[in-house]
Structures are given as C-alpha cells and as structure tokens.
Amino acid sequence: MKPDLDAIEALAPEREALWTRIDKATFLTQNEKRAAVGYGPVEVSDPAGLTPSPGDIGQKFNPNHDELGRFTFGPDGAVDGSERPQPARARTGQRPPRPPARRQPPPAPPASRPHPHTDLAPPQPLEPQEAIDAYRAVHNMPPGVGTVAFAKIDGTPYLGVNSTAPGYTDADYAAAVRMRDMLVEKYPDVMRAENPGWKPNDALFHAEATTLLRAAEANGGTLAGRTIAIRVDRDMCWSCDAVLPLVGLELGNPSVTIIDPTGSRGTMRNGTWRR
Ligand SMILES: [Zn+2]
C-alpha cells in the first residue's frame, strides 16, 4: 500500500509545485502527467462496474455529476451551489475516494481547475534532469535502460529518446531514416553507404538526434541561428560523436552543446566539435 502523499500536509506545497511544473511539460500526455504525480490514468478498466456499458454510451454514469465529476444536483434535485471539482480517480475504482476531512481538493489539471497561485507567480518549468526523471518515471524506464535527452528552445521543451525506448514514434523513425539517407549521400567518407544499419549510421536513432529532429520538425524544419543545450542521461557514443555535427549542419547549423551525466560538455557547430 502506497502512502497518499497528498494527505501528508507537510508535503503539500512541494507536491503542488511539482504538479504545476509537470503540467507545463508539453511533451507529456495528460495521463503521463497524472502518473508523474502519483495518480492513475483518467480512463482505466473498471472492475467495480461504474463505467457505462457500450449500450449506455452517451449517458453520464452518474446523473448527479458532469463530465468533470462535479456535482450538478443535490439529492433532492436542487442545484448544488458548491460546484467543487471531484477527483476523477474517485470514479475509476483505482484508488479510494478522498477522506472528507481533507481541507483542499486534490490537484487536478488546471484545464479543469485553475491553480489558485498560478496568477500570482509563474511556476518554474522543470529542470532538464527533472524532466528526464519524470519521463523515465511515467514510462517505467529504469536508470541505465535506453537514453533520454532534453533540450529547451525559446522556452519550449523538447525531449528525445533512442529508437527502442517508449515514446519513440513512426514519425521519429521516418525522420531519422530521411536524415540518414541524406547524410550517406553527402558524406560517404563518414557514413556507411554499403550497409545503412552499421555504425555510425545508428546515431540517427539515438536520443540526441531524436531531440534535434523533433525540435527542427517543430520549427519549420530548421534550427538556424539557435543556441541549444541538450542534456542527455548517458555518455555520448562514438557514432554520435562522428555524426551529430553533420546532423546539426543539415538542420541549419545551430550551436549545439551536449551535456552528459557527468556535466561534461561538447559544443558542435559548422559540422565539427569545439571542445
Ligand atoms: Zn549515440
């Protein structure tokens, strides 16, 4: 049995701050954000039978709640003025409902319940290592399994993983293959044309390249003029050392600094490393 962290009043401020920061992470889905702060997904299987059967689709499972779980009517049919948001997980059967003595409602996505402090002080975004840790937590990636990289460009976070890690998409693979084939064509002395799967061509499928390709895709295909720091939770491999400067060159020649777990940095520009 896991402790209900939200019920420990002393931890509440830290939990709220963590939640607010995780909610800013655009690379996490809503359920991933919920998982990162210890909540189950909004839509889960329902052994208690509270979920409407297929024939009931279109009906609310409880006529006294709206879609957000808020009470709409009291028992006598009168409008309940409280309108307090209820935790969605209380309906899923996954975790027990909040004890009535609790003074504050549990955290909910600000989309449905604006955070009372949000307009007083903007929340701090996740630090790179926190973002990497959150991604590993929600995807059950223990340390040492796979690679996660994180960069922030103009305040927008970009996260990349290696091609066998959770969250790597068909679009990531297609972009990597396109870039690999282009590099094989242009730099036959570096790339392995005779077998595209050989090293160092595999660098296109590593977390560093995934991050750069995703960032470029989101910025009209180019990172020209950018200065980018990428935090990576694994030492850079030989393939990336050889190929990443060429990837940068093809993506508009930004200045890219790779920061490995030891804090050691390497900066690449103009197709080469400046160490
Ligand atoms: Zn690599």
# chains A, B, ... in the order shown; residues from 1 in each chain; ligands from 1
>>> residues_near_ligand(ligand="ligand 1", cutoff="10 Å", atoms="only C-alpha atoms and all ligand atoms", output="list in words")
Thr147, Asn162, Lys199, Pro200, Asn201, Asp202, Ala203, Leu204, Phe205, His206, Ala207, Glu208, Ala209, Arg234, Asp235, Met236, Cys237, Trp238, Ser239, Cys240, Asp241, Ala242, Val243 and Leu244 of chain A
>>> atom_distance(atom1="atom CA of Ala165 of chain A", atom2="atom CA of Gly146 of chain A")
5.8 Å
>>> select_by_dssp(residues="segment 171-217 of chain A", states="alpha helix (DSSP H)", output="ChimeraX atom specification")
/A:171-186,207-217
>>> write_last_selection(atoms="C-alpha atoms", output="PDB file, in the first residue's frame")
ATOM      1  CA  ALA A 171       7.416   9.790 -37.396  1.00  0.00           C
ATOM      2  CA  ASP A 172      10.694   9.801 -35.442  1.00  0.00           C
ATOM      3  CA  TYR A 173      11.843   6.738 -37.362  1.00  0.00           C
ATOM      4  CA  ALA A 174      10.866   8.228 -40.713  1.00  0.00           C
ATOM      5  CA  ALA A 175      12.698  11.472 -39.953  1.00  0.00           C
ATOM      6  CA  ALA A 176      15.791   9.550 -38.835  1.00  0.00           C
ATOM      7  CA  VAL A 177      15.834   7.429 -41.983  1.00  0.00           C
ATOM      8  CA  ARG A 178      15.444  10.518 -44.178  1.00  0.00           C
ATOM      9  CA  MET A 179      18.331  12.257 -42.453  1.00  0.00           C
ATOM     10  CA  ARG A 180      20.480   9.115 -42.512  1.00  0.00           C
ATOM     11  CA  ASP A 181      19.965   8.607 -46.237  1.00  0.00           C
ATOM     12  CA  MET A 182      20.759  12.255 -46.919  1.00  0.00           C
ATOM     13  CA  LEU A 183      23.961  12.045 -44.876  1.00  0.00           C
ATOM     14  CA  VAL A 184      25.010   8.798 -46.568  1.00  0.00           C
ATOM     15  CA  GLU A 185      24.651  10.608 -49.880  1.00  0.00           C
ATOM     16  CA  LYS A 186      26.523  13.753 -48.850  1.00  0.00           C
ATOM     17  CA  ALA A 207      18.247  10.253 -28.195  1.00  0.00           C
ATOM     18  CA  GLU A 208      20.436  13.212 -29.181  1.00  0.00           C
ATOM     19  CA  ALA A 209      19.465  13.071 -32.868  1.00  0.00           C
ATOM     20  CA  THR A 210      15.811  12.383 -31.997  1.00  0.00           C
ATOM     21  CA  THR A 211      15.760  15.566 -29.913  1.00  0.00           C
ATOM     22  CA  LEU A 212      17.281  17.657 -32.698  1.00  0.00           C
ATOM     23  CA  LEU A 213      14.984  16.178 -35.346  1.00  0.00           C
ATOM     24  CA  ARG A 214      11.891  16.746 -33.225  1.00  0.00           C
ATOM     25  CA  ALA A 215      12.940  20.326 -32.463  1.00  0.00           C
ATOM     26  CA  ALA A 216      13.616  21.032 -36.127  1.00  0.00           C
ATOM     27  CA  GLU A 217      10.293  19.495 -37.141  1.00  0.00           C
TER      28      GLU A 217
END
>>> residues_around(residues="Ser264 of chain A", least_positions_apart="3", cutoff="12 Å", atoms="only C-alpha atoms", output="PyMOL selection string")
chain A and resi 229-236+257-261+267+275
